[in-house]
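A short worksheet on the structure shown next.
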Amino acid sequence: MPSLTRTVPAPGGTYTLGQKDVARIGYGALQLRKLESEPGKAEAILRRALELGVDHIDTAEFYGNGFANRMIRKAVGGDCEILIATKVGADPETNGKIPVKLAQRPEQLRATVERNLAGLGVERIALVNLRRADVGPGFQAEGDQVVGIDDQMAEMIAMRTEGKIGNIGLSAVTLQTIERVLSAGIACIQNAYSLVAQEFEDLLAVCLEHGIAWVPFYPLGGAMPGLPKVTDQPKVIEISKQLGITPSQVGLAWLLQHSPNTLLIPGTTDYAHLQENLAAGSVVLTPEAVSELNGMAVPSLPS
Ligand SMILES: NC(=O)c1ccc[n+]([C@@H]2O[C@H](COP(=O)([O-])OP(=O)(O)OC[C@H]3O[C@@H](n4cnc5c(N)ncnc54)[C@H](OP(=O)(O)O)[C@@H]3O)[C@@H](O)[C@H]2O)c1
């Protein structure tokens, strides 16, 4: 496949992820699972993201039980200008209440890397995030799924040495976990963080100090029922009207302005949302707006 080398400006500028400078706004592939019955649309959304300057796609083999990876393989092909980041620590669950289960043991991490290599049709994955369950939201590890970080990192480092993995990232981790494994070389941290979940400032500061990319998941609050959404917040809507931008752009621009090492991976299946999210890279929030958004109160959702 011909290279899709950048012909448009990088949305939001660039920051280094592993060894590569990528656009600060990328694409998260989790939402693609909503399009399992419309693979043509899923592939077209990905192609549109690439046309608009995305060169960093976040995925997992368990997103739609291999569906997201198959779509990425079709849309991206072998273009090594596009950085694909996947994750291990969880696998598809075909019979459970939710379609995913933890897979934390070292041999499970290796098996999941192999499945991702096959699903994406590559011999090496540029970045693999080790998805732990140290902090929420989401999984809680129990029984044989409670695994020490040292054992997991030994397997991740072995796979990096073998060339199956280019870089190692961590997800859903504490500051202690990061500090324990810093010397191994960590490319990024993915914890849930957004205007509606402004925690982990201490982790963000350590990442900034060490040149580690901060790649928050759920940058718009996610799509899970019961979690607050950035675009629903009265303060966000008010500021969006004042500045003539959309609520999602308020949330994404706040993240970009908050710390220069932040990379975004918002997920969408909607062309207008995709365009809007990438255009957030050109939005500059006023200092007044930023100070109103910092530490913004989030009304609790009706139960
Ligand atoms: N490391 C981890 O454990 C972990 C966990 C979860 C997710 N992730 C990664 O993080 C990425 C982002 O998380 P996410 O996709 O769950 O949540 P998100 O990006 O915070 O939000 C996605 C939700 O917001 C909606 N949305 C997107 N753009 C919008 C816009 N401009 N206006 C209004 N609504 C908009 C989407 O619906 P529409 O489709 O209708 O736009 C979807 O419902 C994922 O795709 C995945 O790659 C990683």
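Ordering of the structure tokens sets the chain letters (A, B, ...); residue numbers start at 1 within each chain; ligands are numbered from 1 in the order shown.
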As a list in words, please: the residues near Asn69 (chain A) (cut-off 9 Å, only C-alpha atoms, same-chain neighbours under 5 positions excluded).
Ala29, Thr59, Ala60, Glu61, Phe62, Tyr63, Gly64, Lys74, Asn116, Gly119, Leu120 and Gly121 of chain A
Selected residues written out, N, CA and C atoms, as a tab-separated table (two decimals), in the first residue's frame:
```tsv
chain	number	residue	atom	x	y	z
A	29	ALA	N	-10.23	3.34	18.74
A	29	ALA	CA	-11.04	2.43	17.91
A	29	ALA	C	-12.13	1.68	18.68
A	59	THR	N	-6.08	0.75	19.72
A	59	THR	CA	-7.00	-0.37	19.50
A	59	THR	C	-6.79	-1.45	20.55
A	60	ALA	N	-7.50	-2.55	20.39
A	60	ALA	CA	-7.32	-3.77	21.20
A	60	ALA	C	-7.98	-4.91	20.43
A	61	GLU	N	-7.43	-6.11	20.58
A	61	GLU	CA	-8.04	-7.26	19.89
A	61	GLU	C	-9.45	-7.50	20.44
A	62	PHE	N	-9.69	-7.12	21.69
A	62	PHE	CA	-11.02	-7.36	22.26
A	62	PHE	C	-12.05	-6.30	21.87
A	63	TYR	N	-11.70	-5.29	21.09
A	63	TYR	CA	-12.70	-4.32	20.60
A	63	TYR	C	-13.51	-4.99	19.49
A	64	GLY	N	-14.69	-5.47	19.87
A	64	GLY	CA	-15.52	-6.16	18.89
A	64	GLY	C	-14.95	-7.52	18.52
A	74	LYS	N	-7.50	-3.29	7.23
A	74	LYS	CA	-7.97	-2.95	5.88
A	74	LYS	C	-7.68	-1.49	5.55
A	116	ASN	N	-3.00	-10.07	18.51
A	116	ASN	CA	-2.99	-8.73	17.91
A	116	ASN	C	-2.11	-8.70	16.65
A	119	GLY	N	-4.21	-10.37	14.07
A	119	GLY	CA	-5.39	-9.57	13.70
A	119	GLY	C	-5.02	-8.35	12.88
A	120	LEU	N	-3.91	-7.71	13.26
A	120	LEU	CA	-3.48	-6.50	12.54
A	120	LEU	C	-2.68	-6.85	11.30
A	121	GLY	N	-2.24	-8.11	11.20
A	121	GLY	CA	-1.48	-8.54	10.03
A	121	GLY	C	-0.10	-7.92	9.96
```
Pick out the residues sitting within 8 Å of Leu274 (chain A), and hand them over as a list in words; count only C-alpha atoms, and ignore anything fewer than 5 positions along from it in its own chain.
Ala49, Thr268 and Thr269 of chain A
May I ask you to write as an mmCIF file with C-alpha atoms, in the first residue's frame all residues lying at most 6 Å from ligand 1, with only C-alpha atoms and all ligand atoms counted?
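Result file is part20.cif:
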```cif
data_model
loop_
_atom_site.group_PDB
_atom_site.id
_atom_site.type_symbol
_atom_site.label_atom_id
_atom_site.label_comp_id
_atom_site.auth_asym_id
_atom_site.auth_seq_id
_atom_site.Cartn_x
_atom_site.Cartn_y
_atom_site.Cartn_z
ATOM 1 C CA GLY A 28 -9.552 5.524 19.557
ATOM 2 C CA ALA A 29 -11.041 2.433 17.905
ATOM 3 C CA LEU A 30 -13.238 1.170 20.759
ATOM 4 C CA GLN A 31 -16.418 2.723 19.328
ATOM 5 C CA ASP A 58 -5.473 3.108 19.645
ATOM 6 C CA THR A 59 -6.997 -0.366 19.504
ATOM 7 C CA ARG A 131 -3.672 -2.708 30.795
ATOM 8 C CA SER A 171 -2.741 1.653 31.497
ATOM 9 C CA GLN A 190 -3.287 5.574 29.590
ATOM 10 C CA PHE A 217 -8.725 7.150 27.847
ATOM 11 C CA TYR A 218 -12.339 8.337 27.995
ATOM 12 C CA PRO A 219 -11.232 11.899 27.013
ATOM 13 C CA LEU A 220 -14.910 12.786 26.559
ATOM 14 C CA GLY A 221 -16.024 10.730 29.558
ATOM 15 C CA GLY A 222 -16.478 7.526 27.532
ATOM 16 C CA ALA A 223 -19.655 5.911 26.232
ATOM 17 C CA SER A 248 -16.495 18.268 22.693
ATOM 18 C CA ILE A 265 -7.632 9.316 21.252
ATOM 19 C CA PRO A 266 -11.333 10.246 21.206
ATOM 20 C CA GLY A 267 -13.571 7.536 19.796
ATOM 21 C CA THR A 268 -16.426 8.105 17.390
ATOM 22 C CA THR A 269 -18.489 6.446 14.679
ATOM 23 C CA ASP A 270 -19.837 9.756 13.424
ATOM 24 C CA HIS A 273 -17.952 14.251 15.454
ATOM 25 C CA GLU A 276 -15.149 18.351 15.140
ATOM 26 C CA ASN A 277 -12.791 16.407 17.411
#
```
Nearest to Leu278 (chain A) by atom-to-atom distance, counting only C-alpha atoms, from A:Ile237, A:Leu263, A:Leu170, A:Ile25
A:Ile25
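Distances from A:Val122, A:Val196, A:His56, A:Pro9 to Leu252 (chain A) were compared using only C-alpha atoms, and the smallest one belongs to A:Val196.
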Do you know which residues are at most 9 Å from Ala154 (chain A) counting only C-alpha atoms, after dropping those on the same chain fewer than 5 positions away, and could you put them as an MDAnalysis selection string?
chainID A and resid 106 149 159
Quick one: write out the picked residues with N, CA and C atoms as a PDB file, in the first residue's frame?
```pdb
ATOM      1  N   PRO A 106       1.396 -13.548  32.711  1.00  0.00           N
ATOM      2  CA  PRO A 106       2.408 -13.321  31.670  1.00  0.00           C
ATOM      3  C   PRO A 106       2.159 -14.120  30.396  1.00  0.00           C
ATOM      4  N   ILE A 149       3.485  -6.538  38.966  1.00  0.00           N
ATOM      5  CA  ILE A 149       3.979  -5.793  37.803  1.00  0.00           C
ATOM      6  C   ILE A 149       5.337  -6.312  37.341  1.00  0.00           C
ATOM      7  N   MET A 159       9.262  -9.609  25.068  1.00  0.00           N
ATOM      8  CA  MET A 159       8.632  -9.468  23.734  1.00  0.00           C
ATOM      9  C   MET A 159       9.201  -8.259  22.989  1.00  0.00           C
TER      10      MET A 159
END
```
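Distance check against Met153 (chain A) using only C-alpha atoms: of A:Arg132, A:Arg70, A:Arg33, A:Arg47, the minimum falls on A:Arg132.
Among the candidates A:Glu292, A:Asp134, A:Glu123, A:Glu51, the residue lying nearest to Lys235 (chain A) is A:Glu292 (atoms considered: only C-alpha atoms).
Those residues that approach Val250 (chain A) to within 7 Å, counting only C-alpha atoms, are Val236, Ser240, Thr246, Pro247, Ala253 and Trp254 of chain A; same-chain residues fewer than 3 positions away are not listed.
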Quick one: everything within 12 Å of Gly226 (chain A), counting only C-alpha atoms, minus sequence neighbours fewer than 3 positions away in the same chain. Send it as a PyMOL selection string.
chain A and resi 137-138+221-223+229+300-303
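The residue that comes closest to Ala68 (chain A), out of A:Pro99, A:Leu32, A:Cys80, A:Ile245 and on the basis of only C-alpha atoms, is A:Leu32.
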Could you name the residues that touch Gly89 (chain A) at 12 Å or less, counting only C-alpha atoms, but leaving out those on the same chain fewer than 6 positions away, as a short mmCIF file (atom, residue, chain, number, x, y, z; two decimals) with N, CA and C atoms, in the first residue's frame?
```
data_model
loop_
_atom_site.label_atom_id
_atom_site.label_comp_id
_atom_site.auth_asym_id
_atom_site.auth_seq_id
_atom_site.Cartn_x
_atom_site.Cartn_y
_atom_site.Cartn_z
N ALA A 60 -7.50 -2.55 20.39
CA ALA A 60 -7.32 -3.77 21.20
C ALA A 60 -7.98 -4.91 20.43
N GLU A 61 -7.43 -6.11 20.58
CA GLU A 61 -8.04 -7.26 19.89
C GLU A 61 -9.45 -7.50 20.44
N PHE A 62 -9.69 -7.12 21.69
CA PHE A 62 -11.02 -7.36 22.26
C PHE A 62 -12.05 -6.30 21.87
N VAL A 100 -15.63 -8.63 27.51
CA VAL A 100 -14.20 -8.58 27.77
C VAL A 100 -13.92 -9.10 29.18
N LYS A 101 -12.76 -9.74 29.33
CA LYS A 101 -12.35 -10.24 30.65
C LYS A 101 -10.85 -9.99 30.82
N LEU A 102 -10.42 -9.92 32.06
CA LEU A 102 -8.99 -9.72 32.31
C LEU A 102 -8.19 -10.93 31.84
N ALA A 103 -6.97 -10.68 31.39
CA ALA A 103 -6.03 -11.75 30.98
C ALA A 103 -4.63 -11.25 31.35
N GLN A 104 -4.36 -11.27 32.66
CA GLN A 104 -3.20 -10.57 33.22
C GLN A 104 -1.93 -11.41 33.34
N ARG A 105 -2.09 -12.74 33.29
CA ARG A 105 -0.91 -13.57 33.56
C ARG A 105 0.10 -13.43 32.42
N PRO A 106 1.40 -13.55 32.71
CA PRO A 106 2.41 -13.32 31.67
C PRO A 106 2.16 -14.12 30.40
N GLU A 107 1.77 -15.40 30.52
CA GLU A 107 1.54 -16.18 29.30
C GLU A 107 0.31 -15.67 28.54
N GLN A 108 -0.63 -15.09 29.28
CA GLN A 108 -1.80 -14.49 28.62
C GLN A 108 -1.40 -13.21 27.88
N LEU A 109 -0.49 -12.43 28.47
CA LEU A 109 -0.02 -11.21 27.79
C LEU A 109 0.61 -11.58 26.45
N ARG A 110 1.42 -12.63 26.48
CA ARG A 110 2.09 -13.07 25.25
C ARG A 110 1.07 -13.56 24.22
N ALA A 111 0.11 -14.35 24.67
CA ALA A 111 -0.90 -14.87 23.74
C ALA A 111 -1.71 -13.72 23.12
N THR A 112 -1.97 -12.68 23.93
CA THR A 112 -2.74 -11.55 23.41
C THR A 112 -1.92 -10.74 22.40
N VAL A 113 -0.63 -10.61 22.65
CA VAL A 113 0.22 -9.95 21.64
C VAL A 113 0.17 -10.75 20.33
N VAL A 128 2.57 -1.33 22.69
CA VAL A 128 1.59 -2.20 23.37
C VAL A 128 1.44 -1.70 24.80
N ASN A 129 0.21 -1.36 25.16
CA ASN A 129 -0.08 -0.93 26.53
C ASN A 129 -0.43 -2.14 27.38
N LEU A 130 0.22 -2.22 28.52
CA LEU A 130 -0.12 -3.24 29.52
C LEU A 130 -1.27 -2.67 30.35
N ARG A 131 -2.48 -3.21 30.12
CA ARG A 131 -3.67 -2.71 30.79
C ARG A 131 -3.80 -3.46 32.12
N ARG A 132 -3.48 -2.76 33.21
CA ARG A 132 -3.65 -3.35 34.53
C ARG A 132 -5.00 -2.94 35.10
N ALA A 133 -5.23 -3.28 36.34
CA ALA A 133 -6.50 -2.92 36.97
C ALA A 133 -6.21 -2.33 38.34
N ASP A 134 -5.13 -1.52 38.40
CA ASP A 134 -4.75 -0.90 39.68
C ASP A 134 -5.78 0.14 40.10
N PHE A 139 -12.39 -2.85 35.29
CA PHE A 139 -12.03 -4.13 35.91
C PHE A 139 -11.53 -4.05 37.35
N GLN A 140 -11.79 -5.15 38.08
CA GLN A 140 -11.12 -5.40 39.36
C GLN A 140 -10.51 -6.78 39.27
N ALA A 141 -9.22 -6.90 39.53
CA ALA A 141 -8.55 -8.20 39.41
C ALA A 141 -8.82 -9.05 40.65
N GLN A 145 -5.84 -13.53 38.55
CA GLN A 145 -5.66 -12.33 37.74
C GLN A 145 -4.96 -11.20 38.53
N VAL A 146 -4.68 -11.45 39.79
CA VAL A 146 -3.87 -10.50 40.56
C VAL A 146 -2.41 -10.88 40.31
N VAL A 147 -1.74 -10.10 39.47
CA VAL A 147 -0.38 -10.46 39.04
C VAL A 147 0.54 -9.27 39.31
N ILE A 149 3.49 -6.54 38.97
CA ILE A 149 3.98 -5.79 37.80
C ILE A 149 5.34 -6.31 37.34
N GLN A 152 4.89 -9.23 35.00
CA GLN A 152 4.31 -8.79 33.72
C GLN A 152 5.35 -8.05 32.88
N MET A 153 6.10 -7.17 33.54
CA MET A 153 7.09 -6.39 32.78
C MET A 153 8.18 -7.28 32.21
N GLU A 155 7.83 -10.18 30.99
CA GLU A 155 7.29 -10.75 29.73
C GLU A 155 7.22 -9.67 28.64
N MET A 156 6.79 -8.47 29.03
CA MET A 156 6.70 -7.38 28.05
C MET A 156 8.09 -7.04 27.50
N GLY A 169 3.72 0.60 26.93
CA GLY A 169 2.98 1.61 27.69
C GLY A 169 2.27 0.93 28.84
N LEU A 170 1.71 1.73 29.73
CA LEU A 170 0.97 1.20 30.88
C LEU A 170 -0.40 1.84 30.91
N SER A 171 -1.39 1.11 31.42
CA SER A 171 -2.74 1.65 31.50
C SER A 171 -3.39 1.26 32.82
N ALA A 172 -4.21 2.17 33.34
CA ALA A 172 -4.95 1.96 34.59
C ALA A 172 -3.98 1.63 35.74
#
```
